[in-house]
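Following: one structure in structure tokens, then a few remarks.
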Amino acid sequence: MSLKRIWSILRKDLKLGPRHPFFLLAVIMPVVLTFIFQVAFGSLFEPRPRLGIVDQAQSEITSSVRQMEGIELTLLDDVETLKKQVEENDLDAGLVLPAGFDEAVRAGKRPKLEFYIGGESLASNRIILTVTAIDLLRGIEGGGAPVEVKTVQLGEGGLPVAVRLVPMLVFYALVMAGLWVPAASLVEEKEKGTFTALLVSPARTTEVLAAKWILGFILSLIMAAATLLLNRAFGPRPLEVLAVIAVAALLNCMLGLLVGVVSKNSTMFFSLVKGTGIFLFAPVVFYIFPHWPQWIARIFPLYWIMEPIWQVSVMGRPLGSVRLELAVALAITLALVPLIAALNRRAQA
Amino acid sequence: MKRSLPGRSGKIIGAIMLKDLRLYGRNKIYVVLTVLTLACFGALFWLIPGTVEETITLAISPPLQTIINEGKEALRELGASAEMLQELEQTEFAEEGLELVGLESAAQLRRAVEGTLEVYRPKGGGDLILRDKAAGEKKPKDAQRVQLDIGIAFPDSFIAGVAGREKTTVTVYANADVPEEIRQAMQSFVREIAYQLAGRELPVELPAEETIILGPDRSGAQASMRDKMRPLLAFFALVLETYAMASLISTELLQRTVTALLVTPMKMWHFLAAKTLFGTGLALLQGLTILVLVGAFTPANWLLLLTIMLLGSLLFTGVAMLIGAAGKDFLDQLIYALLFSVPLMIPAFAVLFPGTAAAWVRVIPSYPIAELLANTTIYGSSWRDSLGLLGYALLWGAVLYAMSLLVLKRKVESL
């Protein structure tokens, strides 16, 4: 194997690659996905009760709800829109505060409360919003509560969903850049016939594979690190984080080569992506749902790279704490080498 | 005897489809992985929780009956009337969406919320079983663990204290995982009980319950995550087939087999019709398989679902033909496939969120298909409910399909 020839092929890929939109996609996707999952889909995993208020009274209730962290407040201009949104489940509940409402409550006139609940809202959200609204009304009435309520917080809080989504985002960065790029690049060479053309040159197929592997490694290392930086999850030990990402990139790129070698054409490549994607993605889901039995995640190959990334970058643990996982990941990587070599030989035969 | 024109055309179209089917069939990995993916989708569906947790489980100490009994005793000593005592006996503290679990002492409650004391409810009913895991106590058989993340420790003299206007303190123990809104609501809940015990009526007049619930009341019968995955998985099957179908078309274009075929009696429209029928059939077959695996079909909805899937398959075949024709090479096609499929998947994800989809989501071509699938499989929509969306889906399908035919025809002619 000639390092010079590997470098020549890699240089060609590095030179031509960035011109290709696929590279651009591998670079842009982690940023786009960070936005989509952290901003748009974050609320899916931790939904908050949604209360709409039509406030014609400049009521104290509105300003109190606005200050509450756990309730999503929407201010609306008219009652019909409020009722429509409650009915269509865009809001869990709606409250109408007509002009002079606070004054009427303080004066003991017992005004009629216009409060609507969406039929599709969860029972727990109904009770939270109803009890909270009544408590705020009592607050306007004044006179002080007949009881003092003291809250004691126990234990350490779980991680917020924004943090639990980090493994999924890093997964995409690693897979897009480390698995797809080398695999797709190999399939493209096969379909265009340039792979066969290369074989009439002094270059060997193993050198082409090595160049593609290095290409994926560099790209996935950069993209995984960038994703962690974007999500502020680089942890207190950046060098150790880089080490675990490097191991993850090694394994991913090897899987990319495997897919590239096995795929005779783009149809087969798509089939492999479609069929294996769910197995690769599976361990990531266990970080989003920590109450699920965590041992199941260990069955899947990418658990052994996601766990070190999670522990070292997100949880801030030292590299030594994930020795076993890293060793398993490296063992899988090494085990793939003879398999890829054998499949490549068979494909060339 | 000379074969009629439709018969000849049918034979040509059939031959192209048979060729595509053979190509697919020969690709053993494709066949195995397609079957495996469908099976995984089916398995995934049944693994997802099929119930909605919409109840707040609240631990209280001492148990409700003890609080009431002690309260009655104290109120009697304070000279309360028999009616007042009866009213207290009949007071309903538990409400819909709130499950009360009574523990003997504040210390037990604190440990239960902390998680150092496990609480189990026997499956056949009966008293709660407490398990001190650290002390080596075994997990009880035929009992289900009750997860207690929040609890209220009432003082023994709570009712008497509040009724007698004495300074009374109630402690809410909450695990750090408990969302802020639940903690606030439980504080409000305690205060409201105290207000009522102190005889202070609400400062507003409450409307009747039946007038405040808007829309169909789904309390206790909410669509679970599993229910919501039903349309999503069928939709995914259509999207994923777009990739394979696009690659089949682009291969014909890149390898120029289509130009070779055009020197035979095959006409351009034969090629387009064959690709349309093959792509639509393949996507439809996979989509329907998923729907069968997830138990989506009912005697009432099967024809409507079939129609929706047929429209969806046609729409995604149009997309696949566009992608297949647009890409100059394999990687180009991959990018186009991603660029098309990511926005097309947004309406399907919108189904997971409560409420109506945003206006910009509703103009995405796949929106009517995603919405129709959700409405039919989750909420049991009928033909009458679906007519508008079916028309909208047909319109988008026709537009995309016409565009794809035009682009593909021009592409083939330019080869």
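How things are named: the first chain in the structure tokens is A, the next is B, and so on; residues count from 1 in each chain; ligands count from 1 in the order shown.
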For stretch 222-225 of chain A, please output as a ChimeraX atom specification all residues within 7 Å (counting only C-alpha atoms; exclusion window: fewer than 6 positions along the same chain).
/A:27,170,173-174,245
For the selection just defined, write its residues with C-alpha atoms to a file, as a PDB file, in the first residue's frame.
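What landed in selection-v3.pdb:
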ATOM      1  CA  VAL A  27     -21.757  20.470   6.575  1.00  0.00           C
ATOM      2  CA  VAL A 170     -23.999  14.190  17.025  1.00  0.00           C
ATOM      3  CA  ALA A 173     -23.212  14.659  12.092  1.00  0.00           C
ATOM      4  CA  LEU A 174     -21.206  11.430  12.345  1.00  0.00           C
ATOM      5  CA  ILE A 245     -15.121  11.632  18.735  1.00  0.00           C
TER       6      ILE A 245
END
Please identify the alpha helix (DSSP H) residues within stretch 33-170 of chain A (assignment by DSSP from backbone atoms) and present them as an MDAnalysis selection string.
chainID A and resid 33:35 42:45 60:67 79:87 101:106 123:141 161:164 166:170
Within 7 Å of chain B, which residues of chain A come that close, and what is the closest atom pair and distance in Å for each? Count only C-alpha atoms and give it as CSV.
residue,atom,partner,partner_atom,distance
A:Phe22,CA,B:Ile335,CA,6.2
A:Leu44,CA,B:Phe353,CA,6.6
A:Glu69,CA,B:Glu180,CA,6.8
A:Gly70,CA,B:Glu181,CA,4.4
A:Ile71,CA,B:Glu181,CA,6.4
A:Val86,CA,B:Leu214,CA,6.7
A:Glu87,CA,B:Gly215,CA,4.8
A:Glu88,CA,B:Gly355,CA,5.6
A:Asn89,CA,B:Gly355,CA,4.3
A:Asp90,CA,B:Gly355,CA,4.2
A:Val105,CA,B:Pro203,CA,5.9
A:Gly108,CA,B:Pro203,CA,6.5
A:Arg110,CA,B:Val204,CA,4.1
A:Pro111,CA,B:Val204,CA,5.1
A:Lys112,CA,B:Glu205,CA,4.5
A:Leu113,CA,B:Leu206,CA,5.5
A:Phe115,CA,B:Ile212,CA,6.3
A:Tyr116,CA,B:Ile212,CA,4.5
A:Ile117,CA,B:Ile213,CA,4.8
A:Gly118,CA,B:Leu214,CA,5.1
A:Gly119,CA,B:Asp217,CA,3.8
A:Glu120,CA,B:Arg218,CA,5.1
A:Leu122,CA,B:Glu54,CA,5.4
A:Ala123,CA,B:Gly97,CA,4.6
A:Ser124,CA,B:Gly97,CA,4.8
A:Ile127,CA,B:Gly97,CA,6.5
A:Ile128,CA,B:Ala185,CA,5.2
A:Val131,CA,B:Ala185,CA,6.0
A:Thr132,CA,B:Ala185,CA,5.5
A:Asp135,CA,B:Ser188,CA,5.5
A:Leu137,CA,B:Pro203,CA,7.0
A:Arg138,CA,B:Pro203,CA,6.7
A:Glu141,CA,B:Pro203,CA,6.6
A:Ala145,CA,B:Arg191,CA,6.4
A:Pro146,CA,B:Ala194,CA,6.0
A:Val147,CA,B:Thr168,CA,5.2
A:Glu148,CA,B:Thr169,CA,4.7
A:Val149,CA,B:Val170,CA,5.0
A:Lys150,CA,B:Thr171,CA,4.7
A:Thr151,CA,B:Val172,CA,4.6
A:Val152,CA,B:Tyr173,CA,4.9
A:Gln153,CA,B:Ala174,CA,5.0
A:Leu154,CA,B:Asn175,CA,4.8
A:Gly155,CA,B:Ala176,CA,5.8
A:Glu156,CA,B:Ala176,CA,5.6
A:Gly157,CA,B:Ala176,CA,4.2
A:Gly158,CA,B:Asp177,CA,5.5
A:Ala184,CA,B:Leu331,CA,7.0
A:Glu188,CA,B:Phe330,CA,5.9
A:Ser266,CA,B:Ser247,CA,6.3
A:Thr267,CA,B:Ala244,CA,5.6
A:Met268,CA,B:Tyr30,CA,6.0
A:Phe270,CA,B:Ala244,CA,6.4
A:Ser271,CA,B:Tyr30,CA,5.3
A:Leu272,CA,B:Leu33,CA,6.9
A:Gly275,CA,B:Leu33,CA,4.9
Per residue of stretch 113-210 of chain A within 12 Å of stretch 330-337 of chain A, what are the shortest atom pair and its distance in Å to one decimal, counting only C-alpha atoms, with rows by chain and residue number, as a Markdown table?
| residue | atom | partner | partner_atom | distance |
| --- | --- | --- | --- | --- |
| A:Thr206 | CA | A:Val337 | CA | 10.7 |
| A:Leu209 | CA | A:Val337 | CA | 10.8 |
| A:Ala210 | CA | A:Val337 | CA | 10.7 |
Include C-alpha atoms and write out the residues we just selected as a CSV table (one decimal), in the first residue's frame.
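So the final result, stored in part_3.csv, reads:
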chain,number,residue,atom,x,y,z
A,206,THR,CA,-7.4,-0.9,-0.9
A,209,LEU,CA,-10.8,2.5,0.2
A,210,ALA,CA,-8.2,4.0,2.6
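In this comparison, which uses only C-alpha atoms, the residue of A:Pro167, A:Pro308, A:Pro290, A:Gly277 approaching A:Leu228 most closely is A:Pro167.
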Can you pull out every residue from stretch 26-201 of chain B that DSSP, working from the backbone, puts in strand (DSSP E or B), and format the result as a ChimeraX atom specification?
/B:56-61,98-102,117-122,129-132,143-146,150-153,169-175
Using N, CA and C atoms, can you export the residues from the last selection as a tab-separated table (two decimals), in the first residue's frame?
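Everything below was put into out_19.tsv:
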chain	number	residue	atom	x	y	z
B	56	ILE	N	-51.87	13.11	37.13
B	56	ILE	CA	-50.80	13.46	38.07
B	56	ILE	C	-50.99	12.56	39.30
B	57	THR	N	-49.98	11.76	39.60
B	57	THR	CA	-50.08	10.90	40.79
B	57	THR	C	-49.51	11.66	41.98
B	58	LEU	N	-50.32	11.87	42.96
B	58	LEU	CA	-49.96	12.70	44.09
B	58	LEU	C	-49.99	11.90	45.39
B	59	ALA	N	-48.86	11.88	46.08
B	59	ALA	CA	-48.82	11.20	47.39
B	59	ALA	C	-49.32	12.18	48.46
B	60	ILE	N	-50.09	11.68	49.40
B	60	ILE	CA	-50.48	12.55	50.52
B	60	ILE	C	-50.28	11.80	51.83
B	61	SER	N	-49.92	12.52	52.83
B	61	SER	CA	-49.83	11.91	54.16
B	61	SER	C	-50.44	12.88	55.18
B	98	LEU	N	-56.15	13.64	38.61
B	98	LEU	CA	-55.36	13.63	39.83
B	98	LEU	C	-55.60	12.32	40.57
B	99	GLU	N	-54.54	11.56	40.80
B	99	GLU	CA	-54.68	10.29	41.51
B	99	GLU	C	-54.00	10.42	42.87
B	100	LEU	N	-54.73	10.18	43.94
B	100	LEU	CA	-54.16	10.34	45.28
B	100	LEU	C	-53.67	9.00	45.82
B	101	VAL	N	-52.46	9.01	46.40
B	101	VAL	CA	-51.90	7.81	47.02
B	101	VAL	C	-51.58	8.16	48.47
B	102	GLY	N	-52.29	7.53	49.39
B	102	GLY	CA	-52.14	7.88	50.81
B	102	GLY	C	-51.01	7.12	51.49
B	117	LEU	N	-37.77	4.81	48.97
B	117	LEU	CA	-38.83	3.89	49.40
B	117	LEU	C	-39.74	3.67	48.19
B	118	GLU	N	-39.83	2.40	47.77
B	118	GLU	CA	-40.65	2.11	46.59
B	118	GLU	C	-42.07	1.76	47.01
B	119	VAL	N	-43.04	2.25	46.26
B	119	VAL	CA	-44.45	1.99	46.59
B	119	VAL	C	-45.06	1.14	45.48
B	120	TYR	N	-45.70	0.04	45.90
B	120	TYR	CA	-46.33	-0.88	44.93
B	120	TYR	C	-47.81	-1.02	45.22
B	121	ARG	N	-48.57	-1.17	44.14
B	121	ARG	CA	-50.00	-1.41	44.29
B	121	ARG	C	-50.29	-2.84	43.83
B	122	PRO	N	-50.87	-3.69	44.70
B	122	PRO	CA	-51.17	-5.06	44.27
B	122	PRO	C	-52.12	-5.07	43.07
B	129	ILE	N	-48.05	-1.66	49.09
B	129	ILE	CA	-46.90	-2.38	49.65
B	129	ILE	C	-45.69	-1.46	49.54
B	130	LEU	N	-44.98	-1.29	50.67
B	130	LEU	CA	-43.80	-0.43	50.65
B	130	LEU	C	-42.55	-1.30	50.65
B	131	ARG	N	-41.57	-0.92	49.86
B	131	ARG	CA	-40.34	-1.72	49.77
B	131	ARG	C	-39.13	-0.83	50.00
B	132	ASP	N	-38.36	-1.17	51.01
B	132	ASP	CA	-37.11	-0.46	51.28
B	132	ASP	C	-35.99	-1.22	50.57
B	143	ALA	N	-47.52	-7.09	41.75
B	143	ALA	CA	-47.78	-5.70	42.15
B	143	ALA	C	-47.10	-4.77	41.16
B	144	GLN	N	-47.68	-3.63	40.99
B	144	GLN	CA	-47.15	-2.66	40.03
B	144	GLN	C	-46.61	-1.44	40.78
B	145	ARG	N	-45.43	-0.99	40.39
B	145	ARG	CA	-44.85	0.14	41.10
B	145	ARG	C	-45.60	1.44	40.78
B	146	VAL	N	-45.78	2.23	41.80
B	146	VAL	CA	-46.42	3.54	41.62
B	146	VAL	C	-45.31	4.58	41.71
B	150	ILE	N	-44.20	13.59	43.42
B	150	ILE	CA	-44.62	14.77	44.19
B	150	ILE	C	-45.62	14.32	45.27
B	151	GLY	N	-45.53	14.96	46.44
B	151	GLY	CA	-46.43	14.58	47.52
B	151	GLY	C	-46.69	15.76	48.45
B	152	ILE	N	-47.82	15.69	49.15
B	152	ILE	CA	-48.18	16.75	50.09
B	152	ILE	C	-48.28	16.15	51.49
B	153	ALA	N	-47.50	16.70	52.40
B	153	ALA	CA	-47.56	16.24	53.80
B	153	ALA	C	-48.40	17.23	54.60
B	169	THR	N	-49.03	25.05	58.44
B	169	THR	CA	-48.06	24.92	57.33
B	169	THR	C	-48.17	23.54	56.72
B	170	VAL	N	-48.25	23.52	55.40
B	170	VAL	CA	-48.30	22.25	54.65
B	170	VAL	C	-47.02	22.19	53.81
B	171	THR	N	-46.42	20.97	53.76
B	171	THR	CA	-45.18	20.86	52.99
B	171	THR	C	-45.43	20.05	51.72
B	172	VAL	N	-45.00	20.61	50.60
B	172	VAL	CA	-45.07	19.90	49.31
B	172	VAL	C	-43.67	19.37	49.03
B	173	TYR	N	-43.53	18.05	48.92
B	173	TYR	CA	-42.25	17.45	48.56
B	173	TYR	C	-42.28	17.14	47.06
B	174	ALA	N	-41.29	17.64	46.36
B	174	ALA	CA	-41.29	17.42	44.91
B	174	ALA	C	-39.91	16.96	44.46
B	175	ASN	N	-39.90	15.94	43.64
B	175	ASN	CA	-38.65	15.51	43.03
B	175	ASN	C	-38.20	16.61	42.07
Atomic separation - atom CA of A:Gln58 relative to atom CA of A:Gly100, Å
8.7 Å
Please provide as a PyMOL selection string all residues within 10 Å of B:Ile12, with the sequence filter that same-chain residues fewer than 4 positions apart are discarded (counting only C-alpha atoms).
chain B and resi 6-8+16-18+264-267+270-271+274
When you look at B:Arg362 with a cut-off of 12 Å (counting only C-alpha atoms), what residues show up, excluding the ones that are within fewer than 4 positions of it in the same chain? I need them as an MDAnalysis selection string.
chainID B and resid 343:344 346:348 350:351 356:358 366:371 389 392:393 396
Written file, previous selection with N, CA, C and O atoms, as a PDB file, in the first residue's frame:
ATOM      1  N   PRO B 343     -38.514  18.550   3.406  1.00  0.00           N
ATOM      2  CA  PRO B 343     -39.725  19.378   3.566  1.00  0.00           C
ATOM      3  C   PRO B 343     -41.011  18.577   3.456  1.00  0.00           C
ATOM      4  O   PRO B 343     -41.981  18.874   4.141  1.00  0.00           O
ATOM      5  N   LEU B 344     -41.002  17.531   2.617  1.00  0.00           N
ATOM      6  CA  LEU B 344     -42.232  16.748   2.461  1.00  0.00           C
ATOM      7  C   LEU B 344     -42.590  15.977   3.728  1.00  0.00           C
ATOM      8  O   LEU B 344     -43.744  15.606   3.941  1.00  0.00           O
ATOM      9  N   ILE B 346     -42.234  17.200   6.791  1.00  0.00           N
ATOM     10  CA  ILE B 346     -42.662  18.123   7.860  1.00  0.00           C
ATOM     11  C   ILE B 346     -44.143  17.939   8.233  1.00  0.00           C
ATOM     12  O   ILE B 346     -44.469  17.819   9.411  1.00  0.00           O
ATOM     13  N   PRO B 347     -45.074  17.872   7.246  1.00  0.00           N
ATOM     14  CA  PRO B 347     -46.487  17.704   7.641  1.00  0.00           C
ATOM     15  C   PRO B 347     -46.734  16.439   8.461  1.00  0.00           C
ATOM     16  O   PRO B 347     -47.603  16.424   9.325  1.00  0.00           O
ATOM     17  N   ALA B 348     -45.948  15.377   8.185  1.00  0.00           N
ATOM     18  CA  ALA B 348     -46.144  14.137   8.946  1.00  0.00           C
ATOM     19  C   ALA B 348     -45.731  14.336  10.398  1.00  0.00           C
ATOM     20  O   ALA B 348     -46.389  13.842  11.313  1.00  0.00           O
ATOM     21  N   ALA B 350     -45.834  17.166  11.917  1.00  0.00           N
ATOM     22  CA  ALA B 350     -46.793  18.107  12.511  1.00  0.00           C
ATOM     23  C   ALA B 350     -47.939  17.362  13.189  1.00  0.00           C
ATOM     24  O   ALA B 350     -48.550  17.865  14.131  1.00  0.00           O
ATOM     25  N   VAL B 351     -48.211  16.135  12.729  1.00  0.00           N
ATOM     26  CA  VAL B 351     -49.276  15.322  13.315  1.00  0.00           C
ATOM     27  C   VAL B 351     -48.987  15.020  14.783  1.00  0.00           C
ATOM     28  O   VAL B 351     -49.890  14.894  15.606  1.00  0.00           O
ATOM     29  N   THR B 356     -53.807  22.536  15.210  1.00  0.00           N
ATOM     30  CA  THR B 356     -53.790  22.587  13.745  1.00  0.00           C
ATOM     31  C   THR B 356     -52.391  22.942  13.249  1.00  0.00           C
ATOM     32  O   THR B 356     -51.641  23.632  13.931  1.00  0.00           O
ATOM     33  N   ALA B 357     -52.096  22.474  12.050  1.00  0.00           N
ATOM     34  CA  ALA B 357     -50.781  22.754  11.462  1.00  0.00           C
ATOM     35  C   ALA B 357     -50.711  24.229  11.072  1.00  0.00           C
ATOM     36  O   ALA B 357     -51.727  24.845  10.744  1.00  0.00           O
ATOM     37  N   ALA B 358     -49.493  24.780  11.115  1.00  0.00           N
ATOM     38  CA  ALA B 358     -49.303  26.187  10.739  1.00  0.00           C
ATOM     39  C   ALA B 358     -49.648  26.370   9.260  1.00  0.00           C
ATOM     40  O   ALA B 358     -49.600  25.406   8.480  1.00  0.00           O
ATOM     41  N   SER B 366     -47.335  17.436   0.519  1.00  0.00           N
ATOM     42  CA  SER B 366     -47.654  16.190   1.227  1.00  0.00           C
ATOM     43  C   SER B 366     -48.626  16.417   2.393  1.00  0.00           C
ATOM     44  O   SER B 366     -49.070  15.449   3.013  1.00  0.00           O
ATOM     45  N   TYR B 367     -48.964  17.671   2.681  1.00  0.00           N
ATOM     46  CA  TYR B 367     -49.830  17.961   3.835  1.00  0.00           C
ATOM     47  C   TYR B 367     -51.176  17.227   3.777  1.00  0.00           C
ATOM     48  O   TYR B 367     -51.571  16.572   4.763  1.00  0.00           O
ATOM     49  N   PRO B 368     -51.902  17.318   2.625  1.00  0.00           N
ATOM     50  CA  PRO B 368     -53.222  16.651   2.650  1.00  0.00           C
ATOM     51  C   PRO B 368     -53.122  15.150   2.894  1.00  0.00           C
ATOM     52  O   PRO B 368     -53.979  14.581   3.580  1.00  0.00           O
ATOM     53  N   ILE B 369     -52.068  14.511   2.373  1.00  0.00           N
ATOM     54  CA  ILE B 369     -51.925  13.058   2.572  1.00  0.00           C
ATOM     55  C   ILE B 369     -51.671  12.759   4.056  1.00  0.00           C
ATOM     56  O   ILE B 369     -52.310  11.882   4.646  1.00  0.00           O
ATOM     57  N   ALA B 370     -50.734  13.526   4.668  1.00  0.00           N
ATOM     58  CA  ALA B 370     -50.413  13.315   6.090  1.00  0.00           C
ATOM     59  C   ALA B 370     -51.648  13.563   6.961  1.00  0.00           C
ATOM     60  O   ALA B 370     -51.956  12.789   7.880  1.00  0.00           O
ATOM     61  N   GLU B 371     -52.374  14.626   6.646  1.00  0.00           N
ATOM     62  CA  GLU B 371     -53.554  14.992   7.431  1.00  0.00           C
ATOM     63  C   GLU B 371     -54.668  13.948   7.271  1.00  0.00           C
ATOM     64  O   GLU B 371     -55.307  13.553   8.247  1.00  0.00           O
ATOM     65  N   LEU B 389     -60.005  17.477   1.704  1.00  0.00           N
ATOM     66  CA  LEU B 389     -58.574  17.139   1.692  1.00  0.00           C
ATOM     67  C   LEU B 389     -58.233  16.179   0.556  1.00  0.00           C
ATOM     68  O   LEU B 389     -57.147  16.245  -0.029  1.00  0.00           O
ATOM     69  N   TYR B 392     -57.805  18.257  -2.398  1.00  0.00           N
ATOM     70  CA  TYR B 392     -56.534  18.993  -2.290  1.00  0.00           C
ATOM     71  C   TYR B 392     -55.354  18.069  -2.622  1.00  0.00           C
ATOM     72  O   TYR B 392     -54.437  18.441  -3.359  1.00  0.00           O
ATOM     73  N   ALA B 393     -55.430  16.833  -2.119  1.00  0.00           N
ATOM     74  CA  ALA B 393     -54.363  15.856  -2.385  1.00  0.00           C
ATOM     75  C   ALA B 393     -54.316  15.517  -3.869  1.00  0.00           C
ATOM     76  O   ALA B 393     -53.231  15.420  -4.470  1.00  0.00           O
ATOM     77  N   TRP B 396     -52.654  18.405  -5.762  1.00  0.00           N
ATOM     78  CA  TRP B 396     -51.187  18.408  -5.626  1.00  0.00           C
ATOM     79  C   TRP B 396     -50.565  17.243  -6.394  1.00  0.00           C
ATOM     80  O   TRP B 396     -49.541  17.376  -7.052  1.00  0.00           O
TER      81      TRP B 396
END
Skip B:Gln286 itself and residues of its chain fewer than 3 positions away, then list as a PDB file with C-alpha atoms, in the first residue's frame all residues within 8 Å of it, counting only C-alpha atoms.
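Writing done, so here's around.pdb:
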ATOM      1  CA  LEU B  38     -41.308  -3.143   6.989  1.00  0.00           C
ATOM      2  CA  ALA B 237     -42.886   4.017   3.726  1.00  0.00           C
ATOM      3  CA  LEU B 238     -44.009   6.269   0.868  1.00  0.00           C
ATOM      4  CA  LEU B 282     -44.471  -0.484  -5.269  1.00  0.00           C
ATOM      5  CA  ALA B 283     -45.073   2.456  -2.921  1.00  0.00           C
ATOM      6  CA  THR B 289     -48.268  -3.550   4.265  1.00  0.00           C
ATOM      7  CA  ILE B 290     -47.314  -1.105   7.012  1.00  0.00           C
TER       8      ILE B 290
END
All residues 10 Å or closer to A:Asn231, only C-alpha atoms, same chain fewer than 3 positions away omitted, as a list in words:
Val31, Thr34, Phe35, Gln38, Ala162, Val163, Leu165, Val166, Leu169, Val170, Ala225, Ala226, Thr227, Leu228, Phe234 and Val314 of chain A
Write out, as a tab-separated table (two decimals), in the first residue's frame, the residues just selected, with N, CA, C and O atoms.
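File part21.tsv, as written:
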chain	number	residue	atom	x	y	z
A	31	VAL	N	-26.19	21.74	11.38
A	31	VAL	CA	-26.65	23.06	11.85
A	31	VAL	C	-28.18	23.13	11.72
A	31	VAL	O	-28.88	23.55	12.65
A	34	THR	N	-29.78	20.87	14.28
A	34	THR	CA	-29.71	21.47	15.62
A	34	THR	C	-30.86	22.45	15.80
A	34	THR	O	-31.55	22.44	16.81
A	35	PHE	N	-31.09	23.24	14.74
A	35	PHE	CA	-32.17	24.22	14.82
A	35	PHE	C	-33.53	23.51	14.91
A	35	PHE	O	-34.34	23.80	15.77
A	38	GLN	N	-33.79	21.43	18.33
A	38	GLN	CA	-33.73	22.20	19.58
A	38	GLN	C	-34.84	23.25	19.64
A	38	GLN	O	-35.37	23.51	20.71
A	162	ALA	N	-33.09	19.57	25.85
A	162	ALA	CA	-32.09	20.14	24.94
A	162	ALA	C	-30.77	19.36	25.04
A	162	ALA	O	-30.09	19.15	24.04
A	163	VAL	N	-30.45	18.92	26.25
A	163	VAL	CA	-29.21	18.15	26.46
A	163	VAL	C	-29.40	16.71	25.98
A	163	VAL	O	-28.53	16.13	25.33
A	165	LEU	N	-31.08	15.68	23.64
A	165	LEU	CA	-31.13	15.59	22.17
A	165	LEU	C	-29.74	15.63	21.54
A	165	LEU	O	-29.58	15.34	20.36
A	166	VAL	N	-28.73	15.99	22.35
A	166	VAL	CA	-27.37	16.13	21.80
A	166	VAL	C	-26.87	14.84	21.13
A	166	VAL	O	-26.35	14.89	20.01
A	169	LEU	N	-28.14	14.60	17.62
A	169	LEU	CA	-27.54	15.56	16.69
A	169	LEU	C	-26.12	15.15	16.31
A	169	LEU	O	-25.72	15.25	15.15
A	170	VAL	N	-25.37	14.65	17.31
A	170	VAL	CA	-24.00	14.19	17.03
A	170	VAL	C	-24.06	12.96	16.11
A	170	VAL	O	-23.25	12.81	15.20
A	225	ALA	N	-17.46	17.52	16.13
A	225	ALA	CA	-16.94	18.53	17.06
A	225	ALA	C	-17.74	19.82	16.93
A	225	ALA	O	-18.11	20.46	17.93
A	226	ALA	N	-18.04	20.21	15.68
A	226	ALA	CA	-18.80	21.45	15.45
A	226	ALA	C	-20.20	21.33	16.06
A	226	ALA	O	-20.71	22.30	16.64
A	227	THR	N	-20.81	20.15	15.93
A	227	THR	CA	-22.16	19.96	16.48
A	227	THR	C	-22.14	20.08	18.00
A	227	THR	O	-23.03	20.70	18.60
A	228	LEU	N	-21.12	19.49	18.63
A	228	LEU	CA	-21.02	19.60	20.09
A	228	LEU	C	-20.81	21.05	20.50
A	228	LEU	O	-21.39	21.52	21.48
A	234	PHE	N	-19.31	20.69	24.80
A	234	PHE	CA	-17.95	20.19	24.62
A	234	PHE	C	-17.34	19.73	25.94
A	234	PHE	O	-16.29	19.09	25.95
A	314	VAL	N	-21.00	15.39	27.37
A	314	VAL	CA	-22.21	15.96	28.00
A	314	VAL	C	-22.13	15.87	29.53
A	314	VAL	O	-22.38	16.85	30.23
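The space between atom CA of A:Lys190 and atom CA of A:Asn344 spans 12.5 Å.
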Neighbour list for B:Asn301 as an MDAnalysis selection string, cut-off 12 Å, only C-alpha atoms, skip fewer than 2 positions in-chain
chainID B and resid 291 295:299 303:308 372:373 375:384 386
Between atom CA of A:Thr194 and atom CA of A:Lys274, what is the distance, to one decimal in Å?
25.8 Å
